[in-house]
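*Asks:* Dropping in model03.cif, with mmCIF, C-alpha atoms.
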```cif
data_entry
loop_
_atom_site.label_atom_id
_atom_site.label_comp_id
_atom_site.auth_asym_id
_atom_site.auth_seq_id
_atom_site.Cartn_x
_atom_site.Cartn_y
_atom_site.Cartn_z
CA MET A 157 -25.60 30.17 16.41
CA SER A 158 -22.26 28.41 16.66
CA PRO A 159 -19.14 29.73 14.94
CA HIS A 160 -19.60 27.01 12.37
CA GLY A 161 -22.99 28.30 11.19
CA LEU A 162 -25.00 25.69 13.06
CA SER A 163 -27.12 25.85 16.16
CA PRO A 164 -28.25 23.10 18.52
CA ARG A 165 -31.67 23.42 16.91
CA THR A 166 -30.38 22.64 13.43
CA ALA A 167 -28.02 19.90 14.59
CA TRP A 168 -30.64 18.14 16.74
CA PRO A 169 -32.35 16.30 13.84
CA VAL A 170 -29.00 14.91 12.71
CA ALA A 171 -28.25 13.62 16.21
CA VAL A 172 -31.67 11.94 16.46
CA LEU A 173 -31.45 10.31 13.03
CA ILE A 174 -27.93 9.00 13.59
CA GLY A 175 -28.71 7.81 17.11
CA LEU A 176 -31.80 5.92 15.98
CA ALA A 177 -29.82 4.43 13.09
CA GLY A 178 -27.26 3.10 15.55
CA ALA A 179 -30.00 1.57 17.69
CA ALA A 180 -31.73 -0.07 14.71
CA TYR A 181 -28.38 -1.40 13.49
CA THR A 182 -28.14 -3.53 16.66
CA ALA A 183 -31.45 -5.32 16.02
CA TRP A 184 -29.52 -8.53 15.32
CA VAL A 185 -28.96 -8.90 19.08
CA LEU A 186 -32.57 -10.08 19.21
CA GLU A 187 -31.17 -13.45 18.18
CA VAL A 188 -30.19 -13.83 21.83
CA VAL A 189 -33.86 -14.10 22.85
CA LEU A 190 -35.46 -15.24 19.59
CA SER A 191 -35.10 -18.74 18.19
CA THR A 192 -33.35 -18.24 14.86
CA GLY A 193 -31.66 -21.63 14.55
CA LEU A 194 -28.44 -19.92 13.47
CA ASN A 195 -25.17 -20.09 15.42
CA PRO A 196 -24.03 -16.47 16.02
CA ILE A 197 -20.40 -17.57 16.22
CA GLU A 198 -20.32 -19.13 12.76
CA THR A 199 -22.99 -17.48 10.58
CA TYR A 200 -23.18 -14.22 8.65
CA VAL A 201 -25.30 -11.52 10.29
CA SER A 202 -27.08 -11.14 6.94
CA GLU A 203 -28.20 -14.78 7.10
CA LEU A 204 -30.69 -13.70 9.78
CA ALA A 205 -32.47 -11.78 7.00
CA ALA A 206 -32.29 -14.55 4.37
CA GLN A 207 -35.47 -15.30 2.47
CA ASP A 208 -35.68 -18.85 3.82
CA GLN A 209 -35.51 -17.74 7.45
CA PRO A 210 -38.74 -17.46 9.47
CA LEU A 211 -37.68 -14.13 11.00
CA GLY A 212 -36.04 -12.83 7.84
CA GLY A 213 -38.71 -10.18 7.30
CA LEU A 214 -38.11 -8.71 10.75
CA PHE A 215 -34.36 -8.36 10.23
CA ARG A 216 -34.78 -7.00 6.71
CA ALA A 217 -37.11 -4.35 8.10
CA THR A 218 -34.67 -3.30 10.82
CA ASP A 219 -31.79 -3.19 8.32
CA PHE A 220 -33.81 -0.99 6.01
CA THR A 221 -34.81 1.29 8.90
CA ALA A 222 -31.20 1.64 10.08
CA GLY A 223 -30.00 2.40 6.57
CA LEU A 224 -32.72 4.92 5.85
CA LEU A 225 -32.10 6.76 9.11
CA ALA A 226 -28.32 6.87 8.60
CA PHE A 227 -28.76 8.02 5.00
CA ALA A 228 -31.12 10.82 6.04
CA GLY A 229 -28.88 11.90 8.92
CA GLY A 230 -25.74 11.85 6.80
CA LEU A 231 -27.36 13.72 3.94
CA LEU A 232 -28.77 16.37 6.28
CA ALA A 233 -25.37 16.86 7.94
CA LEU A 234 -23.67 17.03 4.57
CA SER A 235 -26.12 19.64 3.29
CA ARG A 236 -25.47 21.79 6.36
CA LEU A 237 -21.71 21.56 5.87
CA LEU A 238 -21.98 22.52 2.23
CA LYS A 239 -24.22 25.46 3.10
CA TYR A 240 -21.80 27.03 5.56
CA ALA A 241 -18.35 27.64 4.06
CA GLU A 242 -16.69 27.97 7.48
CA SER A 243 -17.74 24.38 8.28
CA ARG A 244 -16.66 22.93 4.95
CA ARG A 245 -13.60 21.06 6.16
CA ILE A 246 -12.41 18.17 4.00
CA TRP A 247 -12.34 15.51 6.72
CA ALA A 248 -15.84 16.42 7.87
CA VAL A 249 -17.26 16.38 4.34
CA VAL A 250 -15.62 13.03 3.54
CA GLY A 251 -16.78 11.59 6.87
CA TRP A 252 -20.42 12.56 6.45
CA ALA A 253 -20.31 11.35 2.83
CA GLY A 254 -19.16 8.00 4.22
CA VAL A 255 -22.06 7.90 6.68
CA THR A 256 -24.46 8.71 3.82
CA LEU A 257 -23.03 5.90 1.67
CA PHE A 258 -23.25 3.52 4.61
CA GLY A 259 -26.92 4.36 5.05
CA ALA A 260 -27.85 4.02 1.39
CA ALA A 261 -26.01 0.70 0.98
CA THR A 262 -27.43 -0.72 4.22
CA ALA A 263 -30.95 0.13 3.07
CA ALA A 264 -30.19 -1.54 -0.27
CA ASP A 265 -29.05 -4.67 1.60
CA ALA A 266 -32.58 -5.13 2.90
CA TRP A 267 -33.92 -5.29 -0.66
CA LEU A 268 -31.18 -7.69 -1.79
CA PRO A 269 -31.42 -10.54 0.75
CA LEU A 270 -29.70 -13.89 0.51
CA SER A 271 -32.04 -16.65 -0.64
CA CYS A 272 -30.52 -19.22 1.74
CA THR A 273 -27.86 -19.61 4.43
CA PRO A 274 -24.50 -20.76 2.97
CA THR A 275 -22.65 -21.18 6.27
CA VAL A 276 -25.13 -23.76 7.61
CA ASP A 277 -26.68 -25.21 4.46
CA PRO A 278 -24.18 -27.24 2.38
CA GLU A 279 -26.52 -27.24 -0.61
CA CYS A 280 -26.77 -23.43 -0.49
CA ALA A 281 -22.98 -23.16 -0.22
CA ALA A 282 -22.52 -25.49 -3.20
CA LEU A 283 -25.02 -23.53 -5.28
CA GLU A 284 -23.31 -20.28 -4.34
CA THR A 285 -19.90 -21.66 -5.31
CA ALA A 286 -21.31 -22.84 -8.64
CA GLY A 287 -22.96 -19.46 -9.27
CA LEU A 288 -26.44 -21.00 -9.32
CA VAL A 289 -28.00 -18.83 -6.62
CA PRO A 290 -30.17 -15.79 -7.46
CA ALA A 291 -28.38 -12.64 -8.59
CA THR A 292 -29.32 -11.03 -5.27
CA HIS A 293 -26.45 -12.96 -3.64
CA ARG A 294 -23.86 -11.15 -5.74
CA ALA A 295 -25.72 -7.84 -5.44
CA HIS A 296 -25.92 -8.32 -1.68
CA ALA A 297 -22.16 -8.87 -1.50
CA VAL A 298 -21.63 -5.60 -3.39
CA SER A 299 -24.06 -3.57 -1.27
CA SER A 300 -22.63 -5.03 1.96
CA SER A 301 -19.11 -4.14 0.86
CA LEU A 302 -20.21 -0.60 0.02
CA ALA A 303 -21.97 -0.29 3.38
CA MET A 304 -18.89 -1.31 5.32
CA THR A 305 -16.66 0.88 3.14
CA GLY A 306 -18.91 3.85 3.89
CA ALA A 307 -18.88 3.02 7.59
CA LEU A 308 -15.08 2.80 7.70
CA VAL A 309 -14.70 6.06 5.78
CA GLY A 310 -17.11 7.74 8.19
CA LEU A 311 -15.42 6.33 11.28
CA VAL A 312 -11.93 7.31 10.24
CA ALA A 313 -12.66 10.69 8.61
CA LEU A 314 -14.99 12.08 11.28
CA THR A 315 -12.70 10.89 14.06
CA VAL A 316 -9.79 12.64 12.33
CA ALA A 317 -11.99 15.73 11.91
CA ALA A 318 -12.88 15.70 15.61
CA ARG A 319 -9.23 15.63 16.65
CA ARG A 320 -7.84 17.93 13.95
CA TYR A 321 -10.48 20.67 14.13
CA GLY A 322 -11.20 20.55 17.86
CA TRP A 323 -14.77 19.40 17.28
CA PHE A 324 -16.84 16.69 18.98
CA ALA A 325 -14.91 16.21 22.23
CA PRO A 326 -16.50 12.80 23.02
CA LEU A 327 -15.68 11.51 19.55
CA ALA A 328 -12.16 12.94 19.68
CA HIS A 329 -11.58 11.13 22.99
CA TYR A 330 -13.13 7.72 22.34
CA GLY A 331 -13.14 7.62 18.54
CA PRO A 332 -9.53 6.43 18.00
CA ALA A 333 -10.07 3.35 20.17
CA LEU A 334 -13.29 2.47 18.33
CA VAL A 335 -11.59 2.99 14.96
CA THR A 336 -8.71 0.69 15.97
CA LEU A 337 -11.07 -2.02 17.19
CA GLU A 338 -13.20 -1.67 14.06
CA LEU A 339 -10.20 -2.11 11.78
CA LEU A 340 -9.15 -5.23 13.71
CA ALA A 341 -12.69 -6.65 13.56
CA THR A 342 -12.84 -5.94 9.84
CA ALA A 343 -9.53 -7.72 9.26
CA TRP A 344 -10.83 -10.71 11.24
CA THR A 345 -14.08 -10.78 9.26
CA LEU A 346 -12.44 -10.47 5.85
CA THR A 347 -9.91 -13.19 6.68
CA ALA A 348 -12.66 -15.52 7.91
CA ILE A 349 -14.74 -14.88 4.79
CA ALA A 350 -11.74 -15.65 2.56
CA LEU A 351 -11.08 -18.90 4.43
CA PHE A 352 -14.76 -19.90 4.29
CA THR A 353 -14.91 -19.16 0.55
CA ALA A 354 -11.84 -21.36 0.11
CA GLY A 355 -13.61 -24.19 1.93
CA ARG A 356 -11.48 -24.02 5.07
CA GLY A 357 -14.20 -23.54 7.66
CA THR A 358 -15.84 -20.46 9.11
CA TRP A 359 -13.14 -19.42 11.64
CA ALA A 360 -15.74 -17.76 13.91
CA LEU A 361 -16.84 -15.62 10.99
CA GLY A 362 -20.09 -14.72 12.74
CA ALA A 363 -18.39 -13.52 15.90
CA GLY A 364 -16.02 -11.29 13.93
CA GLN A 365 -18.77 -9.81 11.82
CA ARG A 366 -21.05 -9.23 14.80
CA LEU A 367 -18.23 -7.41 16.58
CA GLN A 368 -17.69 -5.39 13.41
CA VAL A 369 -21.31 -4.21 13.16
CA LEU A 370 -21.61 -3.69 16.92
CA LEU A 371 -18.64 -1.31 16.87
CA VAL A 372 -20.21 0.62 13.98
CA ALA A 373 -23.42 0.95 15.98
CA LEU A 374 -21.53 2.14 19.08
CA TRP A 375 -19.65 4.68 16.98
CA LEU A 376 -22.91 5.97 15.51
CA GLY A 377 -24.23 6.42 19.04
CA LEU A 378 -21.08 8.29 20.04
CA LEU A 379 -21.34 10.47 16.93
CA ALA A 380 -24.98 11.27 17.67
CA TYR A 381 -24.11 12.24 21.25
CA SER A 382 -21.24 14.43 20.04
CA VAL A 383 -23.45 16.22 17.49
CA HIS A 384 -26.16 16.81 20.10
CA LYS A 385 -23.70 18.00 22.75
CA GLU A 386 -21.89 20.52 20.53
CA GLY A 387 -24.71 21.57 18.21
CA ARG A 388 -22.73 21.16 14.99
CA THR A 389 -22.21 18.63 12.22
#
```
As structure tokens, please, write out the structure in this file.
*Replies:*
Amino acid sequence: MSPHGLSPRTAWPVAVLIGLAGAAYTAWVLEVVLSTGLNPIETYVSELAAQDQPLGGLFRATDFTAGLLAFAGGLLALSRLLKYAESRRIWAVVGWAGVTLFGAATAADAWLPLSCTPTVDPECAALETAGLVPATHRAHAVSSSLAMTGALVGLVALTVAARRYGWFAPLAHYGPALVTLELLATAWTLTAIALFTAGRGTWALGAGQRLQVLLVALWLGLLAYSVHKEGRT
């Protein structure tokens, strides 16, 4: 048993769940070998899962799987922290809460798909601007925002926890660089979305968003490795 009330045996399920979540969250890279008809530089990642896309069901399934795994891993880690008072550090609790929110919102995304692809379909974009698309478009925007908010909270808080409390040596070492890159990718994505919404082009929106989600997936993998290596959450 570690000094934080956890053993490798109890931390192992968290590491597996988070690691598998990170792997599932990179399923969009299948667009490299599958014919999706969407330009990865210009289109939203979520457009791969749109209802009018032939492979939409596949990408909705992988999104749901990633979200469910992250939610389960985050919730399990959070329950362990709350059980052992000596592990109940504020940055760790906030970080795992962020991972849990990320998982729940990502799973919700899969059930709230876009009906069409606004970055490549002018009619879809016009309908979206006029508010004539299904309510799932607005709900999807909310769930996606919550997912990324949870991811950012998790990235920042658990990286701070690793450095402040002397936990998770791999995360403490590599986490700050990933957090910095993630914040830059998020700024790029949000700026591109604002410009696209204003009718000023996509500004490589797809590339920015794909970098954003790739960095989240890499961070989840690093977190899973850190949990497994040190036997704590």
*Asks:* As an exercise, work out the distance from atom CA of A:Leu367 to atom CA of A:Tyr181 in Å and give it to one decimal place.
*Replies:*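 It comes out at 12.2 Å.
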*Asks:* Might you pull out every residue within 10 Å of A:Trp323, with all atoms listed in the file counted and same-chain residues fewer than 6 positions away left off, and present them as a list of chain:residue names?
*Replies:* A:Ala248, A:Leu314, A:Thr315, A:Val316, A:Ala317, A:Ser382, A:Val383, A:Glu386, A:Arg388, A:Thr389
*Asks:* Pick out the residues sitting within 12 Å of A:Glu187, and hand them over as a VMD selection string; count all atoms listed in the file, and ignore anything fewer than 2 positions along from it in its own chain.
*Replies:* chain A and resid 182 to 185 189 to 197 199 201 203 to 205 211 to 212 214 to 215 366
*Asks:* Write out, as a Markdown table, each residue of stretch 241-312 of chain A that has an atom at most 9 Å from stretch 341-363 of chain A, together with the closest pair of atoms and their distance in Å to one decimal, counting all atoms listed in the file, rows going by chain and rising number.
*Replies:*
```
| residue | atom | partner | partner_atom | distance |
| --- | --- | --- | --- | --- |
| A:Thr275 | CA | A:Thr358 | CA | 7.4 |
| A:Thr285 | CA | A:Thr353 | CA | 8.1 |
| A:Met304 | CA | A:Thr342 | CA | 8.9 |
```
*Asks:* I would like the residues chosen by the PyMOL selection byres ((chain A and resi 265) around 12) on the shown file; could you give them as a PyMOL selection string?
*Replies:* chain A and resi 201-203+205-206+215-224+258-264+266-270+292-304
*Asks:* Between atom CA of A:Glu338 and atom CA of A:Leu237, what is the distance, to one decimal in Å?
*Replies:* 26.1 Å
*Asks:* Which residues fall under the PyMOL selection byres ((chain A and resi 255) around 12) in this file, as a short mmCIF file (atom, residue, chain, number, x, y, z; two decimals) with C-alpha atoms, keeping the file's coordinate frame?
*Replies:*
```cif
data_model
loop_
_atom_site.label_atom_id
_atom_site.label_comp_id
_atom_site.auth_asym_id
_atom_site.auth_seq_id
_atom_site.Cartn_x
_atom_site.Cartn_y
_atom_site.Cartn_z
CA VAL A 170 -29.00 14.91 12.71
CA LEU A 173 -31.45 10.31 13.03
CA ILE A 174 -27.93 9.00 13.59
CA ALA A 177 -29.82 4.43 13.09
CA GLY A 178 -27.26 3.10 15.55
CA ALA A 222 -31.20 1.64 10.08
CA GLY A 223 -30.00 2.40 6.57
CA LEU A 224 -32.72 4.92 5.85
CA LEU A 225 -32.10 6.76 9.11
CA ALA A 226 -28.32 6.87 8.60
CA PHE A 227 -28.76 8.02 5.00
CA ALA A 228 -31.12 10.82 6.04
CA GLY A 229 -28.88 11.90 8.92
CA GLY A 230 -25.74 11.85 6.80
CA LEU A 231 -27.36 13.72 3.94
CA LEU A 232 -28.77 16.37 6.28
CA ALA A 233 -25.37 16.86 7.94
CA LEU A 234 -23.67 17.03 4.57
CA ALA A 248 -15.84 16.42 7.87
CA VAL A 249 -17.26 16.38 4.34
CA VAL A 250 -15.62 13.03 3.54
CA GLY A 251 -16.78 11.59 6.87
CA TRP A 252 -20.42 12.56 6.45
CA ALA A 253 -20.31 11.35 2.83
CA GLY A 254 -19.16 8.00 4.22
CA THR A 256 -24.46 8.71 3.82
CA LEU A 257 -23.03 5.90 1.67
CA PHE A 258 -23.25 3.52 4.61
CA GLY A 259 -26.92 4.36 5.05
CA ALA A 260 -27.85 4.02 1.39
CA ALA A 261 -26.01 0.70 0.98
CA THR A 262 -27.43 -0.72 4.22
CA LEU A 302 -20.21 -0.60 0.02
CA ALA A 303 -21.97 -0.29 3.38
CA MET A 304 -18.89 -1.31 5.32
CA THR A 305 -16.66 0.88 3.14
CA GLY A 306 -18.91 3.85 3.89
CA ALA A 307 -18.88 3.02 7.59
CA LEU A 308 -15.08 2.80 7.70
CA VAL A 309 -14.70 6.06 5.78
CA GLY A 310 -17.11 7.74 8.19
CA LEU A 311 -15.42 6.33 11.28
CA VAL A 312 -11.93 7.31 10.24
CA ALA A 313 -12.66 10.69 8.61
CA LEU A 314 -14.99 12.08 11.28
CA VAL A 372 -20.21 0.62 13.98
CA ALA A 373 -23.42 0.95 15.98
CA TRP A 375 -19.65 4.68 16.98
CA LEU A 376 -22.91 5.97 15.51
CA LEU A 379 -21.34 10.47 16.93
CA ALA A 380 -24.98 11.27 17.67
#
```
*Asks:* Atom CA of A:Trp168 to atom CA of A:Ala333: how many Å, to one decimal?
*Replies:*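 Spanning atom CA of A:Trp168 to atom CA of A:Ala333 is a straight-line distance of 25.6 Å.
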*Asks:* Assuming the chain letters and numbering stay as they are in my file, what does the PyMOL selection byres ((chain A and resi 326) around 9) actually select? List them as a VMD selection string.
*Replies:* chain A and resid 318 323 to 325 327 to 331 378 to 379 381 to 382 385
*Asks:* Please fill the gaps in stretch 172-197 of chain A so it has N, CA and C atoms, and write that as a short mmCIF file (atom, residue, chain, number, x, y, z; two decimals), keeping the file's coordinate frame.
*Replies:*
```
data_model
loop_
_atom_site.label_atom_id
_atom_site.label_comp_id
_atom_site.auth_asym_id
_atom_site.auth_seq_id
_atom_site.Cartn_x
_atom_site.Cartn_y
_atom_site.Cartn_z
N VAL A 172 -30.58 12.90 16.28
CA VAL A 172 -31.67 11.94 16.46
C VAL A 172 -31.63 10.86 15.39
N LEU A 173 -31.47 11.27 14.14
CA LEU A 173 -31.45 10.31 13.03
C LEU A 173 -30.28 9.32 13.16
N ILE A 174 -29.11 9.85 13.47
CA ILE A 174 -27.93 9.00 13.59
C ILE A 174 -28.03 8.09 14.82
N GLY A 175 -28.54 8.63 15.91
CA GLY A 175 -28.71 7.81 17.11
C GLY A 175 -29.69 6.68 16.91
N LEU A 176 -30.81 6.97 16.26
CA LEU A 176 -31.80 5.92 15.98
C LEU A 176 -31.26 4.90 14.99
N ALA A 177 -30.45 5.36 14.04
CA ALA A 177 -29.82 4.43 13.09
C ALA A 177 -28.92 3.45 13.83
N GLY A 178 -28.13 3.97 14.77
CA GLY A 178 -27.26 3.10 15.55
C GLY A 178 -28.05 2.07 16.35
N ALA A 179 -29.17 2.50 16.93
CA ALA A 179 -30.00 1.57 17.69
C ALA A 179 -30.60 0.50 16.79
N ALA A 180 -31.13 0.89 15.64
CA ALA A 180 -31.73 -0.07 14.71
C ALA A 180 -30.69 -1.04 14.17
N TYR A 181 -29.45 -0.58 14.05
CA TYR A 181 -28.38 -1.40 13.49
C TYR A 181 -27.96 -2.51 14.45
N THR A 182 -28.45 -2.47 15.70
CA THR A 182 -28.14 -3.53 16.66
C THR A 182 -29.30 -4.51 16.81
N ALA A 183 -30.28 -4.45 15.90
CA ALA A 183 -31.45 -5.32 16.02
C ALA A 183 -31.08 -6.80 15.98
N TRP A 184 -29.94 -7.13 15.40
CA TRP A 184 -29.52 -8.53 15.32
C TRP A 184 -29.31 -9.16 16.70
N VAL A 185 -29.14 -8.33 17.74
CA VAL A 185 -28.96 -8.90 19.08
C VAL A 185 -30.23 -9.60 19.57
N LEU A 186 -31.34 -9.38 18.87
CA LEU A 186 -32.57 -10.08 19.21
C LEU A 186 -32.42 -11.59 19.07
N GLU A 187 -31.40 -12.02 18.33
CA GLU A 187 -31.17 -13.45 18.18
C GLU A 187 -30.85 -14.11 19.52
N VAL A 188 -30.47 -13.29 20.50
CA VAL A 188 -30.19 -13.83 21.83
C VAL A 188 -31.46 -14.35 22.48
N VAL A 189 -32.60 -13.71 22.21
CA VAL A 189 -33.86 -14.10 22.85
C VAL A 189 -34.84 -14.75 21.88
N LEU A 190 -34.60 -14.62 20.59
CA LEU A 190 -35.46 -15.24 19.59
C LEU A 190 -34.80 -16.52 19.07
N SER A 191 -35.62 -17.48 18.71
CA SER A 191 -35.10 -18.74 18.19
C SER A 191 -34.90 -18.62 16.69
N THR A 192 -33.64 -18.39 16.28
CA THR A 192 -33.35 -18.24 14.86
C THR A 192 -32.80 -19.52 14.23
N GLY A 193 -32.25 -20.41 15.07
CA GLY A 193 -31.66 -21.63 14.55
C GLY A 193 -30.28 -21.43 13.95
N LEU A 194 -29.74 -20.23 14.04
CA LEU A 194 -28.44 -19.92 13.47
C LEU A 194 -27.43 -19.70 14.59
N ASN A 195 -26.24 -20.24 14.43
CA ASN A 195 -25.17 -20.09 15.42
C ASN A 195 -24.50 -18.73 15.23
N PRO A 196 -24.61 -17.81 16.19
CA PRO A 196 -24.03 -16.47 16.02
C PRO A 196 -22.51 -16.46 15.91
N ILE A 197 -21.86 -17.51 16.31
CA ILE A 197 -20.40 -17.57 16.22
C ILE A 197 -19.95 -17.88 14.79
#
```
